[in-house]
Structure formats: C-alpha cells, structure tokens
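Participant: The following file, entry.txt, comprises compact mmCIF, C-alpha atoms:
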# COMPACT_ATOMS: atom_id res chain seq x y z
CA LEU V 1 -24.07 80.52 -36.64
CA GLN V 2 -24.35 77.61 -34.21
CA ASN V 3 -27.04 79.45 -32.26
CA GLU V 4 -29.05 79.98 -35.44
CA ILE V 5 -28.76 76.31 -36.36
CA GLU V 6 -29.88 75.36 -32.85
CA ARG V 7 -32.88 77.65 -33.27
CA LEU V 8 -33.84 76.15 -36.63
CA ALA V 9 -33.22 72.52 -35.71
CA PRO V 10 -36.59 71.94 -34.01
CA GLN V 11 -38.33 73.31 -37.10
CA GLY V 12 -36.50 70.86 -39.31
CA ASN V 13 -36.62 73.14 -42.29
CA SER V 14 -34.89 76.22 -43.67
CA PRO V 15 -36.70 77.35 -46.85
CA ARG V 16 -33.72 79.41 -47.94
CA LEU V 17 -30.13 78.56 -47.14
CA GLU V 18 -29.34 82.24 -46.48
CA ALA V 19 -31.62 82.12 -43.43
CA LEU V 20 -28.91 80.19 -41.61
CA TYR V 21 -26.28 82.87 -41.89
CA ALA V 22 -27.73 86.09 -43.31
CA GLU V 23 -26.30 88.07 -40.39
CA GLN V 24 -22.80 86.63 -40.72
CA GLU V 25 -20.56 89.08 -42.60
CA PRO V 26 -16.82 88.45 -42.55
CA VAL V 27 -14.54 91.24 -43.75
CA GLY V 28 -15.33 92.31 -47.29
CA ASN V 29 -17.65 89.42 -48.10
CA LYS V 30 -20.90 87.69 -47.34
CA LEU V 31 -20.37 84.29 -45.75
CA TRP V 32 -22.52 82.48 -48.29
CA GLU V 33 -20.49 83.77 -51.25
CA THR V 34 -17.70 81.24 -50.76
CA GLU V 35 -18.06 77.55 -51.51
CA VAL V 36 -15.98 76.55 -48.48
CA ASN V 37 -18.36 78.30 -46.12
CA LEU V 38 -21.37 76.89 -47.96
CA ARG V 39 -20.07 73.39 -47.30
CA LYS V 40 -19.52 74.19 -43.63
CA ILE V 41 -23.06 75.46 -43.30
CA ARG V 42 -24.55 72.45 -45.06
CA LEU V 43 -22.58 70.05 -42.87
CA ALA V 44 -23.44 71.86 -39.65
CA ALA V 45 -27.12 71.96 -40.56
CA ALA V 46 -27.19 68.21 -41.30
CA GLU V 47 -25.49 67.47 -37.98
CA LYS V 48 -28.30 69.30 -36.18
CA GLY V 49 -31.11 67.75 -38.20
CA VAL V 50 -31.85 70.87 -40.26
CA ILE V 51 -32.95 69.78 -43.74
CA LEU V 52 -32.34 72.37 -46.45
CA THR V 53 -35.10 72.66 -49.04
CA THR V 54 -34.46 75.82 -51.05
CA ASP V 55 -35.87 74.79 -54.43
CA LEU V 56 -38.38 72.30 -53.06
CA SER V 57 -39.94 75.06 -50.97
CA ARG V 58 -40.39 77.15 -54.08
CA ALA V 59 -41.88 74.33 -56.13
CA LEU V 60 -44.02 72.28 -53.73
CA ASP V 61 -46.87 72.93 -51.33
CA VAL V 62 -45.88 73.76 -47.76
CA ASP V 63 -47.49 70.60 -46.34
CA ASP V 64 -45.64 68.39 -48.81
CA VAL V 65 -42.30 69.95 -47.89
CA LYS V 66 -43.01 69.56 -44.17
CA GLU V 67 -43.82 65.86 -44.55
CA ILE V 68 -40.71 65.21 -46.64
CA VAL V 69 -38.55 67.07 -44.11
CA GLU V 70 -39.98 65.02 -41.24
CA GLN V 71 -39.02 61.80 -43.02
CA LEU V 72 -35.53 63.10 -43.74
CA ARG V 73 -34.92 64.23 -40.18
CA ASP V 74 -35.08 60.59 -39.07
CA ALA V 75 -32.70 59.44 -41.82
CA PRO V 76 -29.11 58.36 -41.11
CA LYS V 77 -26.75 61.31 -40.73
CA ASN V 78 -24.77 60.46 -43.87
CA LEU V 79 -27.95 60.75 -45.96
CA ARG V 80 -28.88 64.05 -44.33
CA ILE V 81 -25.41 65.34 -45.18
CA LEU V 82 -25.67 64.12 -48.77
CA TRP V 83 -29.10 65.75 -49.11
CA ASN V 84 -27.90 69.10 -47.77
CA MET V 85 -24.78 69.05 -49.93
CA ALA V 86 -26.87 68.48 -53.06
CA GLU V 87 -29.73 70.74 -51.99
CA ALA V 88 -28.85 73.52 -54.44
CA ASP V 89 -29.12 71.00 -57.31
CA MET V 90 -32.64 69.92 -56.41
CA LYS V 91 -34.74 71.21 -59.26
CA ILE V 92 -38.39 70.36 -59.87
CA LEU V 93 -38.87 70.87 -63.60
CA ASP V 94 -42.54 69.89 -63.62
CA LYS V 95 -44.70 68.92 -60.63
CA SER V 96 -47.79 68.24 -62.79
CA PHE V 97 -46.11 65.90 -65.27
CA ARG V 98 -48.51 63.39 -66.85
CA GLY V 99 -45.94 60.99 -68.28
CA VAL V 100 -43.61 58.54 -66.53
CA SER V 101 -41.92 60.27 -63.60
CA HIS V 102 -38.18 60.62 -64.07
CA TYR V 103 -35.00 62.52 -63.31
CA GLU V 104 -33.67 64.23 -66.42
CA LEU V 105 -29.89 64.09 -66.61
CA LYS V 106 -29.37 66.90 -69.12
CA ARG V 107 -31.45 69.49 -67.27
CA ARG V 108 -30.66 67.97 -63.86
CA GLY V 109 -34.23 68.07 -62.63
CA ILE V 110 -37.29 66.00 -61.74
CA LEU V 111 -40.59 65.65 -63.58
CA PHE V 112 -43.45 64.01 -61.66
CA ASP V 113 -47.07 64.44 -60.60
CA ALA V 114 -47.01 65.81 -57.05
CA THR V 115 -50.75 65.28 -56.46
CA GLU V 116 -50.64 61.65 -57.56
CA ASP V 117 -47.50 61.08 -55.51
CA ARG V 118 -49.12 62.46 -52.38
CA TYR V 119 -52.49 60.70 -52.60
CA TRP V 120 -52.08 57.65 -54.84
CA SER V 121 -48.55 56.32 -54.33
CA ALA V 122 -48.03 53.22 -52.21
CA ARG V 123 -46.45 55.66 -49.73
CA PRO V 124 -46.84 59.46 -49.86
CA HIS V 125 -43.89 61.17 -51.62
CA LYS V 126 -42.38 57.84 -52.60
CA THR V 127 -41.98 58.82 -56.26
CA LEU V 128 -40.31 62.13 -55.45
CA LEU V 129 -37.85 60.53 -53.02
CA HIS V 130 -37.05 57.81 -55.55
CA GLU V 131 -36.30 60.40 -58.22
CA MET V 132 -34.27 62.36 -55.67
CA GLY V 133 -32.21 59.20 -55.31
CA HIS V 134 -31.36 59.45 -59.00
CA LEU V 135 -30.52 63.13 -58.59
CA LEU V 136 -28.20 62.41 -55.66
CA ASP V 137 -26.58 59.56 -57.61
CA HIS V 138 -25.81 62.03 -60.41
CA PHE V 139 -24.61 64.65 -57.90
CA MET V 140 -22.12 62.19 -56.38
CA GLY V 141 -20.86 61.55 -59.89
CA LYS V 142 -19.97 65.25 -60.11
CA ARG V 143 -22.99 65.74 -62.40
CA LEU V 144 -21.09 63.94 -65.17
CA TYR V 145 -22.00 60.31 -64.56
CA LEU V 146 -23.98 58.05 -62.22
CA HIS V 147 -21.86 57.28 -59.19
CA SER V 148 -23.62 53.97 -58.51
CA TYR V 149 -22.57 52.72 -61.94
CA VAL V 150 -18.86 53.60 -61.85
CA TYR V 151 -18.32 52.90 -58.14
CA GLU V 152 -15.26 50.68 -57.62
CA GLY V 153 -15.26 49.35 -61.18
CA GLU V 154 -19.02 48.60 -61.28
CA LEU V 155 -18.79 46.71 -57.97
CA PHE V 156 -22.35 47.69 -57.01
CA SER V 157 -23.81 46.13 -60.17
CA LYS V 158 -21.77 42.97 -59.80
CA THR V 159 -22.76 42.53 -56.15
CA LEU V 160 -26.46 43.03 -56.91
CA ILE V 161 -26.35 40.31 -59.58
CA GLU V 162 -24.35 37.95 -57.36
CA GLU V 163 -26.79 38.31 -54.48
CA ALA V 164 -29.82 37.85 -56.73
CA ASN V 165 -28.29 34.65 -58.12
CA ALA V 166 -27.46 33.50 -54.60
CA ALA V 167 -31.11 33.92 -53.57
CA VAL V 168 -32.18 31.77 -56.53
CA LYS V 169 -29.65 29.10 -55.53
CA VAL V 170 -30.99 29.07 -51.97
CA GLU V 171 -34.49 28.57 -53.34
CA MET V 172 -33.23 25.82 -55.64
CA THR V 173 -31.69 24.01 -52.66
CA ARG V 174 -34.93 24.33 -50.71
CA LEU V 175 -37.04 22.98 -53.58
CA LYS V 176 -34.70 20.01 -54.12
CA ALA V 177 -34.83 19.11 -50.43
CA GLN V 178 -38.62 19.38 -50.51
CA ALA V 179 -38.80 17.18 -53.61
CA LEU V 180 -36.56 14.56 -52.02
CA SER V 181 -38.72 14.45 -48.90
CA ASN V 182 -41.73 13.84 -51.16
CA GLY V 183 -40.02 10.99 -52.98
CA ILE V 184 -39.35 13.07 -56.12
CA SER V 185 -35.94 13.15 -57.77
CA PRO V 186 -34.17 16.48 -57.13
CA LYS V 187 -33.01 16.32 -60.75
CA ASN V 188 -36.53 17.28 -61.76
CA ILE V 189 -36.07 20.71 -60.17
CA LYS V 190 -34.84 23.20 -62.75
CA LEU V 191 -33.53 26.75 -62.51
CA ALA V 192 -36.81 28.12 -63.86
CA ASP V 193 -38.66 26.37 -61.01
CA ALA V 194 -36.55 28.17 -58.43
CA GLN V 195 -37.02 31.49 -60.22
CA ARG V 196 -40.79 31.07 -60.30
CA SER V 197 -40.90 30.00 -56.66
CA LEU V 198 -38.84 32.98 -55.52
CA SER V 199 -41.06 35.27 -57.59
CA LYS V 200 -44.12 33.91 -55.77
CA THR V 201 -42.43 34.60 -52.44
CA LEU V 202 -41.79 38.19 -53.49
CA GLN V 203 -45.37 38.55 -54.73
CA SER V 204 -46.63 37.59 -51.27
CA ILE V 205 -44.98 40.65 -49.70
CA ASP V 206 -47.36 43.47 -48.78
CA ASP V 207 -47.96 45.76 -51.73
CA ALA V 208 -46.83 48.93 -49.95
CA VAL V 209 -43.32 47.58 -49.30
CA ARG V 210 -42.78 45.25 -52.26
CA ASN V 211 -41.91 47.69 -55.05
CA GLU V 212 -38.25 48.27 -54.24
CA VAL V 213 -37.05 44.71 -53.73
CA SER V 214 -39.16 43.45 -56.66
CA ASP V 215 -37.66 45.95 -59.10
CA ILE V 216 -34.11 45.26 -57.96
CA PHE V 217 -34.65 41.56 -58.67
CA SER V 218 -36.22 42.54 -61.99
CA GLY V 219 -33.01 44.28 -63.05
CA ALA V 220 -30.56 41.81 -61.54
CA THR V 221 -32.23 38.81 -63.24
CA ARG V 222 -33.61 40.52 -66.38
CA ASN V 223 -37.13 39.73 -65.16
CA LYS V 224 -36.49 36.06 -64.49
CA VAL V 225 -37.41 36.88 -60.88
CA THR V 226 -39.87 39.63 -60.01
CA GLY V 227 -42.51 40.35 -57.43
CA GLY V 228 -44.81 42.07 -59.89
CA TYR V 229 -43.19 45.49 -59.85
CA GLN V 230 -40.65 45.74 -62.63
CA HIS V 231 -39.27 47.61 -65.60
CA LYS V 232 -39.49 46.12 -69.07
CA THR V 233 -36.62 43.76 -69.89
CA LYS V 234 -35.26 46.04 -72.62
CA TYR V 235 -34.85 48.81 -70.03
CA TRP V 236 -32.24 46.72 -68.23
CA ARG V 237 -30.04 46.37 -71.34
CA GLU V 238 -28.20 49.58 -70.46
CA ALA V 239 -25.53 48.73 -67.89
CA GLU V 240 -26.16 51.75 -65.68
CA THR V 241 -29.89 51.11 -65.18
CA LEU V 242 -29.56 48.36 -62.55
CA PRO V 243 -27.22 50.22 -60.19
CA THR V 244 -28.99 53.57 -60.43
CA GLU V 245 -32.45 52.05 -59.89
CA ALA V 246 -31.17 49.99 -56.97
CA PHE V 247 -29.53 53.06 -55.43
CA ALA V 248 -32.74 55.09 -55.77
CA HIS V 249 -34.81 52.26 -54.28
CA MET V 250 -32.42 51.87 -51.35
CA PHE V 251 -32.34 55.62 -50.75
CA CYS V 252 -36.12 55.87 -50.74
CA ALA V 253 -36.61 52.83 -48.51
CA THR V 254 -33.99 54.06 -46.04
CA ILE V 255 -35.77 57.41 -45.78
CA GLN V 256 -39.36 56.29 -45.42
CA SER V 257 -39.94 52.54 -45.08
CA PRO V 258 -38.15 50.34 -42.53
CA ALA V 259 -40.19 47.32 -43.73
CA SER V 260 -39.18 47.81 -47.37
CA LEU V 261 -35.58 48.32 -46.29
CA GLU V 262 -35.64 45.04 -44.37
CA ASN V 263 -36.75 43.24 -47.53
CA ILE V 264 -33.87 44.77 -49.44
CA LYS V 265 -31.31 43.98 -46.74
CA HIS V 266 -32.59 40.40 -46.49
CA TYR V 267 -31.74 39.63 -50.11
CA PHE V 268 -29.07 42.26 -50.86
CA PRO V 269 -27.14 42.86 -47.61
CA LYS V 270 -23.70 43.34 -49.21
CA SER V 271 -25.10 45.59 -51.92
CA TYR V 272 -26.77 47.78 -49.31
CA GLU V 273 -23.56 48.07 -47.34
Mind turning this structure into structure tokens?
Facilitator:
Amino acid sequence: LQNEIERLAPQGNSPRLEALYAEQEPVGNKLWETEVNLRKIRLAAAEKGVILTTDLSRALDVDDVKEIVEQLRDAPKNLRILWNMAEADMKILDKSFRGVSHYELKRRGILFDATEDRYWSARPHKTLLHEMGHLLDHFMGKRLYLHSYVYEGELFSKTLIEEANAAVKVEMTRLKAQALSNGISPKNIKLADAQRSLSKTLQSIDDAVRNEVSDIFSGATRNKVTGGYQHKTKYWREAETLPTEAFAHMFCATIQSPASLENIKHYFPKSYE
C-alpha cells in the first residue's frame, strides 16, 4: 500500500480510490469494503500529497481536475486530509448550471458553470472551490448541519462579528486623530463615517483578491462595511449564513490565493485560527 501511494504521489491524483489498493486482499474481504480501512487509505494518501478526486474526475474535464489537484497539493495537510475524507461526498450535480452557483444541502451536491469558472472567474476554479468549502462544512457537520455554525456554541460567528466591529473602531480612532490634527472636533466623526472609510479601504484592494474579505465584512456588518462584493442584506438574516460563507471563503483563499488569505487574516486573525 505504501509503495503504491509513493508511486501515485508525484502524479498528485488518483481518479478512483480503488487504484490505491486494488491488489490488497485481506482474508475473506476486499480492503476497500471496510470503513476503517477506507479512512486509513484516505489519511495515508493525504500525508503523501495524493489528492483523491473520484467524482470530480467523472464530472469535470481532465485539465480542470489537474489544475485543482495542483492547488490542493500545496494546501496545508489538515485541509488535504479533510478533502480526502470527504472525497466520496463530492458530487457535481450540474456543471453547466446557468443560475447562481451553490451547494445544495438536500442532494449534497454542487451546481455551477464550469466553463465560466475556468475562464471568467477572478481566479480559475474559484467558484468550485468556494462551493466545495460549503460541502466540506456540511460534511464536518455529519451531513446534518453546518459545522461552522454550531462550532463551540456559534463561536465562529461571534468572533467574526467582534473582529469586524474592532476594525471599524480602529478606523474610527484613526479618523478622530486625523480630524483633531486638522483642527476639527473628533465629536464630528460618527460611526457611519468609519464604516464608509473602511469600505473605501476594502474597495481599493485588487479585484482578484478582494471578494473573500469584502463578503465576510458584508455578512458581519449587514452591509454597513463592504468592499463591493457582497450578498444582499436579507441573505444575512439567517444565522448560519455568515459562518458558512466565511468558512468557504477562508477555505478557498487558503487553497489558491495567499494574497486574499492575507487580507482575511489581517482583519479576522482569531476567526481564521
């Protein structure tokens, strides 16, 4: 088994999980027929940088799968492990979907436009990886709930809101100091001024790496602060939307955009941890 994993590791991809252990036959059973052994295989593959893509390889073009695998191979080990553990749940329900891309909880699958995601996204495969973040969030919640929402009594949500408010307070302090130096009373600086100023700062971030941090602020402040990328305010009324969107954004940025991740960690370091 270890030799086979070593052989596959440079390729970075095993289209079918069985390829890792098809020749392994313990007494009276195939190795892959037991969940315990499946977990061992998935863990061992992740340790060696082998990214499992059973359903993705069936649904997507070969070049798309190769590019996604290359991005995942450079991801932190804990994310590679999570990906491999959830790999059997990764269902593409529609890769030519013309509506709003999304992960569907009931059918546990993703609907998106693969062509648009490859050629017209801010970063190739960004939409798919974001929706995979939602899928993994659901997987960690045992396919019953969103893990990011229930984690430690909604701690993730609370921390996101606290850090967004803290960023506004920092901007408020800066604006008051600036006003004072210009002979203007700091009392003239209102909360809305700080929110607008912080929004302008976010809007100045390069378009390709602004989406994630902008949308997290959108949810944490109900669109009082946003860098131009956002969901409608009514979307954020459901308590689970902020944590699951933030988790998906953080997952995607960690996989494929160090610059976007730095923006997130600058404003939401505790949340990211």
Participant: Just the number, please: distance in Å from CA of Ile205 (chain V) to CA of Gly228 (chain V), one decimal.
Facilitator: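 Distance between the two atoms: 10.3 Å.
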Participant: May I ask for the distance between CA of His102 (chain V) and CA of Arg210 (chain V), given in Å to one decimal place?
Facilitator: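 Straight-line distance from CA of His102 (chain V) to CA of Arg210 (chain V) works out to 19.9 Å.
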Participant: Using all atoms listed in the file, I'd like a table of the residues in region 93-159 of chain V that come within 12 Å of region 238-256 of chain V; for each, show the closest atom pair and its distance in Å rounded to one decimal, ordered by chain and ascending number, as JSON lines.
Facilitator:
{"residue": "V:His102", "atom": "CA", "partner": "V:Glu245", "partner_atom": "CA", "distance": 11.1}
{"residue": "V:Tyr103", "atom": "CA", "partner": "V:Ala248", "partner_atom": "CA", "distance": 10.8}
{"residue": "V:Ala122", "atom": "CA", "partner": "V:Gln256", "partner_atom": "CA", "distance": 11.4}
{"residue": "V:Arg123", "atom": "CA", "partner": "V:Gln256", "partner_atom": "CA", "distance": 8.3}
{"residue": "V:Pro124", "atom": "CA", "partner": "V:Gln256", "partner_atom": "CA", "distance": 9.3}
{"residue": "V:His125", "atom": "CA", "partner": "V:Gln256", "partner_atom": "CA", "distance": 9.1}
{"residue": "V:Lys126", "atom": "CA", "partner": "V:Cys252", "partner_atom": "CA", "distance": 6.8}
{"residue": "V:Thr127", "atom": "CA", "partner": "V:Cys252", "partner_atom": "CA", "distance": 8.6}
{"residue": "V:Leu128", "atom": "CA", "partner": "V:Cys252", "partner_atom": "CA", "distance": 8.9}
{"residue": "V:Leu129", "atom": "CA", "partner": "V:Cys252", "partner_atom": "CA", "distance": 5.5}
{"residue": "V:His130", "atom": "CA", "partner": "V:Ala248", "partner_atom": "CA", "distance": 5.1}
{"residue": "V:Glu131", "atom": "CA", "partner": "V:Ala248", "partner_atom": "CA", "distance": 6.8}
{"residue": "V:Met132", "atom": "CA", "partner": "V:Ala248", "partner_atom": "CA", "distance": 7.4}
{"residue": "V:Gly133", "atom": "CA", "partner": "V:Ala248", "partner_atom": "CA", "distance": 4.2}
{"residue": "V:His134", "atom": "CA", "partner": "V:Ala248", "partner_atom": "CA", "distance": 5.6}
{"residue": "V:Leu135", "atom": "CA", "partner": "V:Ala248", "partner_atom": "CA", "distance": 8.8}
{"residue": "V:Leu136", "atom": "CA", "partner": "V:Ala248", "partner_atom": "CA", "distance": 8.6}
{"residue": "V:Asp137", "atom": "CA", "partner": "V:Thr244", "partner_atom": "CA", "distance": 7.0}
{"residue": "V:His138", "atom": "CA", "partner": "V:Thr244", "partner_atom": "CA", "distance": 9.0}
{"residue": "V:Met140", "atom": "CA", "partner": "V:Thr244", "partner_atom": "CA", "distance": 11.7}
{"residue": "V:Gly141", "atom": "CA", "partner": "V:Thr244", "partner_atom": "CA", "distance": 11.4}
{"residue": "V:Tyr145", "atom": "CA", "partner": "V:Glu240", "partner_atom": "CA", "distance": 9.6}
{"residue": "V:Leu146", "atom": "CA", "partner": "V:Thr244", "partner_atom": "CA", "distance": 7.0}
{"residue": "V:His147", "atom": "CA", "partner": "V:Thr244", "partner_atom": "CA", "distance": 8.1}
{"residue": "V:Ser148", "atom": "CA", "partner": "V:Pro243", "partner_atom": "CA", "distance": 5.5}
{"residue": "V:Tyr149", "atom": "CA", "partner": "V:Glu240", "partner_atom": "CA", "distance": 5.3}
{"residue": "V:Val150", "atom": "CA", "partner": "V:Glu240", "partner_atom": "CA", "distance": 8.4}
{"residue": "V:Tyr151", "atom": "CA", "partner": "V:Pro243", "partner_atom": "CA", "distance": 9.5}
{"residue": "V:Glu154", "atom": "CA", "partner": "V:Pro243", "partner_atom": "CA", "distance": 8.4}
{"residue": "V:Leu155", "atom": "CA", "partner": "V:Pro243", "partner_atom": "CA", "distance": 9.4}
{"residue": "V:Phe156", "atom": "CA", "partner": "V:Pro243", "partner_atom": "CA", "distance": 6.3}
{"residue": "V:Ser157", "atom": "CA", "partner": "V:Pro243", "partner_atom": "CA", "distance": 5.3}
{"residue": "V:Lys158", "atom": "CA", "partner": "V:Pro243", "partner_atom": "CA", "distance": 9.1}
{"residue": "V:Thr159", "atom": "CA", "partner": "V:Pro243", "partner_atom": "CA", "distance": 9.8}
Participant: For a test of reading the model, state the distance in Å between CA of Arg222 (chain V) and CA of Trp120 (chain V), rounded to one decimal.
Facilitator: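 About the pair CA of Arg222 (chain V) and CA of Trp120 (chain V): they are 27.7 Å apart.
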Participant: With a distance cut-off of 10 Å and only C-alpha atoms, select the neighbouring residues of Val213 (chain V), excluding the residue or stretch itself and same-chain residues fewer than 6 positions from it, and output the selection as number ranges by chain.
Facilitator: V: 202, 205, 226-227, 229-230, 246, 249-250, 253, 260-268
Participant: Counting all atoms listed in the file, figure out which residue out of V:Val62, V:Leu72, V:Ile189, V:Met172 gets nearest to Val50 (chain V).
Facilitator: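 Of the candidates, the smallest distance to Val50 (chain V) is held by V:Leu72.
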Participant: Let me make sure I understand: among V:Gly99, V:Pro269, V:Pro186, V:Gly109, which one has the smallest atom-to-atom distance to Arg174 (chain V) if we use all atoms listed in the file?
Facilitator: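 Smallest separation from Arg174 (chain V) among the options: V:Pro186.
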Participant: Quick one: residues within 10 Å of Leu144 (chain V), only C-alpha atoms, excluding same-chain residues fewer than 5 positions away - as number ranges by chain?
Facilitator: V: 105-106, 138-139
Participant: Counting all atoms listed in the file, I want the residues whose atoms come within 8 Å of (-23.2, 68.9, -45.8) in the file frame, returned as an MDAnalysis selection string.
Facilitator: chainID V and resid 39:46 80:85
Participant: So that I can see what lies close to Ile92 (chain V), please list as a PyMOL selection string the residues with an atom at most 10 Å from it, counting only C-alpha atoms and leaving out residues fewer than 2 positions away in the same chain.
Facilitator: chain V and resi 55-56+58-60+89-90+94-95+103+108-112+128+132
Participant: Show me, as a PyMOL selection string, the residues that have an atom within 8 Å of region 198-200 of chain V when counting all atoms listed in the file, minus same-chain residues fewer than 3 positions from it.
Facilitator: chain V and resi 168+171+194-195+203-204+225-227
Participant: Emit the selected residues as a compact mmCIF listing (two decimals), keeping the file's coordinate frame, including C-alpha atoms.
Facilitator:
# COMPACT_ATOMS: atom_id res chain seq x y z
CA VAL V 168 -32.18 31.77 -56.53
CA GLU V 171 -34.49 28.57 -53.34
CA ALA V 194 -36.55 28.17 -58.43
CA GLN V 195 -37.02 31.49 -60.22
CA GLN V 203 -45.37 38.55 -54.73
CA SER V 204 -46.63 37.59 -51.27
CA VAL V 225 -37.41 36.88 -60.88
CA THR V 226 -39.87 39.63 -60.01
CA GLY V 227 -42.51 40.35 -57.43
Participant: Measuring atom to atom with all atoms listed in the file, identify which of V:Arg237, V:Lys142, V:Arg107, V:Lys224 is nearest to Asn165 (chain V).
Facilitator: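 Closest to Asn165 (chain V) of all the choices is V:Lys224.
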Participant: Save region 62-151 of chain V from what I just supplied, as an mmCIF file, in the first residue's frame, atoms limited to C-alpha atoms.
Facilitator:
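Output saved as part.cif:
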data_model
loop_
_atom_site.group_PDB
_atom_site.id
_atom_site.type_symbol
_atom_site.label_atom_id
_atom_site.label_comp_id
_atom_site.auth_asym_id
_atom_site.auth_seq_id
_atom_site.Cartn_x
_atom_site.Cartn_y
_atom_site.Cartn_z
ATOM 1 C CA VAL V 62 -9.148 16.286 -17.208
ATOM 2 C CA ASP V 63 -7.329 19.639 -17.363
ATOM 3 C CA ASP V 64 -9.671 21.173 -14.790
ATOM 4 C CA VAL V 65 -9.100 18.287 -12.384
ATOM 5 C CA LYS V 66 -5.321 18.510 -12.826
ATOM 6 C CA GLU V 67 -5.289 22.236 -12.047
ATOM 7 C CA ILE V 68 -7.473 21.792 -8.966
ATOM 8 C CA VAL V 69 -5.270 18.945 -7.737
ATOM 9 C CA GLU V 70 -2.135 21.059 -8.163
ATOM 10 C CA GLN V 71 -3.633 23.781 -5.978
ATOM 11 C CA LEU V 72 -4.681 21.259 -3.344
ATOM 12 C CA ARG V 73 -1.284 19.583 -3.219
ATOM 13 C CA ASP V 74 0.188 22.822 -1.852
ATOM 14 C CA ALA V 75 -2.563 23.203 0.755
ATOM 15 C CA PRO V 76 -1.957 22.639 4.485
ATOM 16 C CA LYS V 77 -2.010 18.964 5.425
ATOM 17 C CA ASN V 78 -5.151 19.283 7.545
ATOM 18 C CA LEU V 79 -7.078 20.549 4.504
ATOM 19 C CA ARG V 80 -5.739 17.752 2.319
ATOM 20 C CA ILE V 81 -6.907 15.266 4.937
ATOM 21 C CA LEU V 82 -10.333 16.891 5.163
ATOM 22 C CA TRP V 83 -10.636 16.856 1.365
ATOM 23 C CA ASN V 84 -9.714 13.170 1.096
ATOM 24 C CA MET V 85 -12.031 12.187 3.938
ATOM 25 C CA ALA V 86 -14.958 13.919 2.233
ATOM 26 C CA GLU V 87 -13.959 12.914 -1.296
ATOM 27 C CA ALA V 88 -16.721 10.316 -1.662
ATOM 28 C CA ASP V 89 -19.301 13.035 -0.897
ATOM 29 C CA MET V 90 -18.105 15.351 -3.653
ATOM 30 C CA LYS V 91 -20.943 15.362 -6.132
ATOM 31 C CA ILE V 92 -21.263 17.690 -9.108
ATOM 32 C CA LEU V 93 -24.987 17.839 -9.797
ATOM 33 C CA ASP V 94 -24.701 20.227 -12.744
ATOM 34 C CA LYS V 95 -21.520 21.651 -14.283
ATOM 35 C CA SER V 96 -23.423 23.778 -16.838
ATOM 36 C CA PHE V 97 -25.744 25.488 -14.372
ATOM 37 C CA ARG V 98 -26.932 28.919 -15.540
ATOM 38 C CA GLY V 99 -28.255 30.211 -12.228
ATOM 39 C CA VAL V 100 -26.407 31.277 -9.079
ATOM 40 C CA SER V 101 -23.763 28.692 -8.218
ATOM 41 C CA HIS V 102 -24.475 26.899 -4.956
ATOM 42 C CA TYR V 103 -24.096 23.797 -2.833
ATOM 43 C CA GLU V 104 -27.424 22.064 -2.358
ATOM 44 C CA LEU V 105 -27.818 20.669 1.143
ATOM 45 C CA LYS V 106 -30.617 18.194 0.428
ATOM 46 C CA ARG V 107 -28.918 16.482 -2.508
ATOM 47 C CA ARG V 108 -25.430 17.152 -1.122
ATOM 48 C CA GLY V 109 -24.011 18.373 -4.407
ATOM 49 C CA ILE V 110 -22.753 21.400 -6.332
ATOM 50 C CA LEU V 111 -24.360 23.273 -9.219
ATOM 51 C CA PHE V 112 -22.123 25.703 -11.130
ATOM 52 C CA ASP V 113 -20.905 26.673 -14.597
ATOM 53 C CA ALA V 114 -17.516 25.007 -15.068
ATOM 54 C CA THR V 115 -16.674 26.941 -18.246
ATOM 55 C CA GLU V 116 -17.407 30.306 -16.663
ATOM 56 C CA ASP V 117 -15.497 29.316 -13.545
ATOM 57 C CA ARG V 118 -12.430 28.367 -15.564
ATOM 58 C CA TYR V 119 -12.284 31.365 -17.903
ATOM 59 C CA TRP V 120 -14.229 34.215 -16.296
ATOM 60 C CA SER V 121 -13.791 33.919 -12.531
ATOM 61 C CA ALA V 122 -11.404 36.277 -10.759
ATOM 62 C CA ARG V 123 -9.275 33.137 -10.299
ATOM 63 C CA PRO V 124 -9.758 29.866 -12.219
ATOM 64 C CA HIS V 125 -11.845 27.321 -10.252
ATOM 65 C CA LYS V 126 -12.573 29.833 -7.519
ATOM 66 C CA THR V 127 -16.326 29.198 -7.593
ATOM 67 C CA LEU V 128 -15.941 25.422 -7.422
ATOM 68 C CA LEU V 129 -13.509 25.593 -4.501
ATOM 69 C CA HIS V 130 -15.796 28.021 -2.678
ATOM 70 C CA GLU V 131 -18.747 25.667 -3.092
ATOM 71 C CA MET V 132 -16.525 22.774 -2.023
ATOM 72 C CA GLY V 133 -15.973 24.756 1.164
ATOM 73 C CA HIS V 134 -19.713 24.605 1.796
ATOM 74 C CA LEU V 135 -19.719 20.879 1.051
ATOM 75 C CA LEU V 136 -16.868 20.255 3.497
ATOM 76 C CA ASP V 137 -18.610 22.393 6.118
ATOM 77 C CA HIS V 138 -21.678 20.166 5.774
ATOM 78 C CA PHE V 139 -19.520 17.017 5.815
ATOM 79 C CA MET V 140 -17.905 18.053 9.110
ATOM 80 C CA GLY V 141 -21.397 18.525 10.487
ATOM 81 C CA LYS V 142 -22.032 14.835 9.774
ATOM 82 C CA ARG V 143 -24.185 15.873 6.797
ATOM 83 C CA LEU V 144 -26.870 17.051 9.241
ATOM 84 C CA TYR V 145 -25.845 20.642 9.909
ATOM 85 C CA LEU V 146 -23.190 23.227 9.059
ATOM 86 C CA HIS V 147 -20.218 22.716 11.338
ATOM 87 C CA SER V 148 -19.118 26.355 11.105
ATOM 88 C CA TYR V 149 -22.459 27.451 12.542
ATOM 89 C CA VAL V 150 -22.672 25.127 15.561
ATOM 90 C CA TYR V 151 -18.942 25.126 16.383
#
